[in-house]
Protein chains: 2
Amino acid sequence: METVLARTLPSADIAPRRLHQAMRYAVLGGGKRVRPLLAFAAGEVAAAHEDRLEIVASAVELIHAYSLVHDDLPCMDDDVLRRGRPTVHIEFDQATALLVGDSLQSLAFQLLAQYPLAIDPQQQLEMVTLLAVAAGSRGMAGGQAIDLASVGQSLTLPELEFMHIHKTGALIRSSVMLGALCGQLTEKEMAQLDHFAKCIGLAFQVVDDVLDAEASTATLGKTAGKDAQQNKPTYVSLLGTTQAKTLAESLRQDALDALVGFGQTAQRLRELADFIVLRPF
Amino acid sequence: METVLARTLPSADIAPRRLHQAMRYAVLGGGKRVRPLLAFAAGEVAAAHEDRLEIVASAVELIHAYSLVHDDLPCMDDDVLRRGRPTVHIEFDQATALLVGDSLQSLAFQLLAQYPLAIDPQQQLEMVTLLAVAAGSRGMAGGQAIDLASVGQSLTLPELEFMHIHKTGALIRSSVMLGALCGQLTEKEMAQLDHFAKCIGLAFQVVDDVLDAEASTATLGKTAGKDAQQNKPTYVSLLGTTQAKTLAESLRQDALDALVGFGQTAQRLRELADFIVLRPF
């Protein structure tokens, strides 16, 4: 995946060089690559070709990377540290960080449209639509807006869930769906993967909240304890750490149950559910 | 076009409401709609169906609107006035303006992928690619990056042209090309439109520079005289007003020459070349 991303991003030798350098800094600086891993794992269930999976995995990771660059800006989360390094607007400047995010988003859609991903190009158009909806105001960006509006507010558990289904869930779901759409699955099987994706999407956020409350900045590679400091509603602030962990574990079980019947081809998806929920505890 | 845009944007009644309200404020606040007009006029040459032209015209205008919202942010041009009204980050806030731009970009790609634009879906995928390249780091966003880097620098005329070919030219070109691709044209005819688009794209920028130097804030609906104030290289700073006007006129002639042989179907394109270059003088 690192090789693919390095090859996909414009070279830092091509003008505008500083922008391309900053785009590479933003994307190639590590990260768990959970969304690409999910796309590949879902693709394995659907017997998808690796060349296609590289494209959709890159596209979802570019959307994710763009969202991090914009989230870290002073007018949003105002964070100086990401993946153990200075954030893009600190290493470069705010205007460059803004354009890096904008350009990464364009590049994600370019990838999805430019390379063959499905035998039927109409299905490929539907894949572009799926990512656009997941990234936009009814998906990830909308989740960010709800998140901003919620600072200092007391949310109910359903309201918190609504926010996260948009903010992180939409892109995680599309990672799984796009991976699967590179291959062949029945409608029932797609629905199973969809349910799996929804469960681990939420589990991912619950675990993130627990980590923000419990882990150190050094371990996280980003500033820890920011949620409490900003008085943000989280699963930990609503449920406490113990119950939040129980919720994550129950979502992991639901995710695994959704994969019943897939056998060995879904082994990587199962391992990812475990990785997402169990790694920190 | 106003009706189409109003129908295309998410309703302000749908959550997240404040974000959707701000997206509508950003797009529906007037503007000359030059890019949609170009898409429609190019579509007329290609005998394209109006339903398709509405989609591509909306998509290019959403990309344009997103770029204005992000350009006006304090970390970029730091402008408080646009189309005679407070800019989005003044009327709402910076975080919302950031998400408005991000969401409008996603929506543009959603439109291009979601609705039928060509008999051959493969051609429609190429239309998505065309817009993504025009918007990204090798197009509009890249032009912005070059523009930022040029503040306080002395550019040569070819360097200034290189910047504008990216910053405004790429999206103007894609407005014309996408409109034409909704219909049927020969390769030679597409090349003619391409040349037309390049000429008026540059002419547009030359006229913008003259207007910024000569017109009042009230006439422009945005802050006048900013280029000189920010010590930005412009066609006026490089050539003087008189020569800049001569250049614009010569680009208009080149644009009109490119349309030779199209007859009456290109009348609207000719009128747009006149509108772009002659309106202010």
# chains A, B, ... in the order shown; residues from 1 in each chain; ligands from 1

$ select_by_dssp --residues "segment 65-163 of chain A" --states "helix (DSSP H, G or I)" --output "number ranges by chain"
A: 65-71, 88-91, 94-114, 121-135, 140-150, 157-163

$ write_last_selection --atoms "C-alpha atoms" --output "short mmCIF file (atom, residue, chain, number, x, y, z; two decimals), in the first residue's frame"
data_model
loop_
_atom_site.label_atom_id
_atom_site.label_comp_id
_atom_site.auth_asym_id
_atom_site.auth_seq_id
_atom_site.Cartn_x
_atom_site.Cartn_y
_atom_site.Cartn_z
CA ALA A 65 -5.79 11.83 4.52
CA TYR A 66 -7.46 14.98 3.16
CA SER A 67 -9.92 14.96 6.06
CA LEU A 68 -7.09 14.71 8.60
CA VAL A 69 -5.19 17.64 7.04
CA HIS A 70 -8.28 19.84 7.13
CA ASP A 71 -9.33 18.66 10.62
CA VAL A 88 0.81 19.74 7.47
CA HIS A 89 -0.03 23.36 8.33
CA ILE A 90 2.81 23.39 10.89
CA GLU A 91 5.39 21.75 8.61
CA GLN A 94 -2.14 26.86 6.47
CA ALA A 95 -2.82 27.86 2.87
CA THR A 96 -0.78 24.90 1.61
CA ALA A 97 -2.59 22.56 4.01
CA LEU A 98 -5.93 23.81 2.70
CA LEU A 99 -4.86 23.16 -0.91
CA VAL A 100 -3.35 19.78 0.01
CA GLY A 101 -6.72 18.63 1.32
CA ASP A 102 -8.57 20.03 -1.69
CA SER A 103 -6.14 18.39 -4.12
CA LEU A 104 -6.18 15.02 -2.37
CA GLN A 105 -9.95 14.95 -2.65
CA SER A 106 -9.81 15.66 -6.40
CA LEU A 107 -7.14 12.99 -6.83
CA ALA A 108 -9.29 10.38 -5.09
CA PHE A 109 -12.10 10.91 -7.63
CA GLN A 110 -9.63 11.00 -10.49
CA LEU A 111 -8.34 7.55 -9.47
CA LEU A 112 -11.81 6.04 -9.21
CA ALA A 113 -12.77 7.31 -12.67
CA GLN A 114 -9.50 6.92 -14.56
CA PRO A 121 -18.45 1.06 -16.52
CA GLN A 122 -21.93 1.89 -15.24
CA GLN A 123 -21.05 0.04 -12.03
CA GLN A 124 -17.83 2.04 -11.82
CA LEU A 125 -19.87 5.27 -12.04
CA GLU A 126 -21.90 3.96 -9.10
CA MET A 127 -18.65 3.43 -7.20
CA VAL A 128 -17.72 7.10 -7.80
CA THR A 129 -21.16 8.14 -6.57
CA LEU A 130 -20.79 5.94 -3.48
CA LEU A 131 -17.51 7.61 -2.49
CA ALA A 132 -18.80 11.11 -3.26
CA VAL A 133 -21.85 10.62 -1.05
CA ALA A 134 -19.71 9.10 1.72
CA ALA A 135 -17.28 12.04 1.63
CA MET A 140 -17.91 12.47 6.40
CA ALA A 141 -17.92 16.27 5.99
CA GLY A 142 -21.45 16.37 7.42
CA GLY A 143 -20.28 14.33 10.40
CA GLN A 144 -17.53 16.88 10.98
CA ALA A 145 -20.12 19.65 10.95
CA ILE A 146 -22.24 17.81 13.53
CA ASP A 147 -19.09 17.22 15.59
CA LEU A 148 -18.24 20.94 15.57
CA ALA A 149 -21.77 21.85 16.60
CA SER A 150 -21.64 19.35 19.46
CA LEU A 157 -26.15 8.16 22.88
CA PRO A 158 -28.27 8.05 19.67
CA GLU A 159 -27.13 11.58 18.75
CA LEU A 160 -23.49 10.62 19.32
CA GLU A 161 -24.00 7.53 17.19
CA PHE A 162 -25.63 9.61 14.42
CA MET A 163 -22.56 11.87 14.37
#

$ residues_around --residues "Lys226 of chain B" --least-positions-apart "3" --cutoff "12 Å" --atoms "only C-alpha atoms" --output "VMD selection string"
chain B and resid 77 to 81 151 208 to 217 220 222 to 223 229 to 234

$ atom_distance --atom1 "atom CA of Pro36 of chain B" --atom2 "atom CA of Arg24 of chain B"
16.9 Å

$ residues_around --residues "Leu202 of chain B" --least-positions-apart "4" --cutoff "9 Å" --atoms "only C-alpha atoms" --output "PyMOL selection string"
chain B and resi 161+164-165+168-169+197-198+206-207+248+251

$ atom_distance --atom1 "atom CA of Arg252 of chain A" --atom2 "atom CA of Phe275 of chain A"
10.0 Å

$ closest_residue --among "B:Asp93, B:Glu61, B:Glu271, B:Asp51" --to "chain A" --atoms "only C-alpha atoms"
B:Asp93

$ residues_around --residues "Arg173 of chain B" --least-positions-apart "2" --cutoff "7 Å" --atoms "only C-alpha atoms" --output "PyMOL selection string"
chain B and resi 169-171+175-177+194+197-198+201

$ write_last_selection --atoms "C-alpha atoms" --output "PDB file, in the first residue's frame"
ATOM      1  CA  GLY B 169      -8.059  28.304 -17.267  1.00  0.00           C
ATOM      2  CA  ALA B 170      -8.372  24.650 -16.291  1.00  0.00           C
ATOM      3  CA  LEU B 171     -11.922  24.944 -14.981  1.00  0.00           C
ATOM      4  CA  SER B 175     -16.718  23.775 -18.603  1.00  0.00           C
ATOM      5  CA  VAL B 176     -16.513  23.993 -22.396  1.00  0.00           C
ATOM      6  CA  MET B 177     -15.253  20.421 -22.870  1.00  0.00           C
ATOM      7  CA  ASP B 194     -10.452  23.470 -26.730  1.00  0.00           C
ATOM      8  CA  ALA B 197     -11.647  27.732 -24.216  1.00  0.00           C
ATOM      9  CA  LYS B 198      -7.935  28.345 -23.669  1.00  0.00           C
ATOM     10  CA  GLY B 201      -9.838  31.429 -20.095  1.00  0.00           C
TER      11      GLY B 201
END

$ closest_residue --among "B:Gln21, B:Gln253, B:Ser137, B:Thr8" --to "chain A" --atoms "only C-alpha atoms"
B:Ser137

$ closest_residue --among "A:Lys188, A:Arg7, A:Lys167, A:Arg270" --to "chain B" --atoms "only C-alpha atoms"
A:Lys167

$ closest_residue --among "A:Val236, A:Met76, A:Ile63, A:Ala224" --to "chain B" --atoms "only C-alpha atoms"
A:Met76

$ closest_residue --among "B:Ala12, B:Leu19, B:Ile276, B:Leu181" --to "chain A" --atoms "only C-alpha atoms"
B:Leu19

$ closest_residue --among "A:Arg83, A:Lys32, A:Arg138, A:His49" --to "chain B" --atoms "only C-alpha atoms"
A:Arg138

$ select_by_dssp --residues "segment 44-212 of chain A" --states "strand (DSSP E)" --output "ChimeraX atom specification"
/A:81-82,85-86
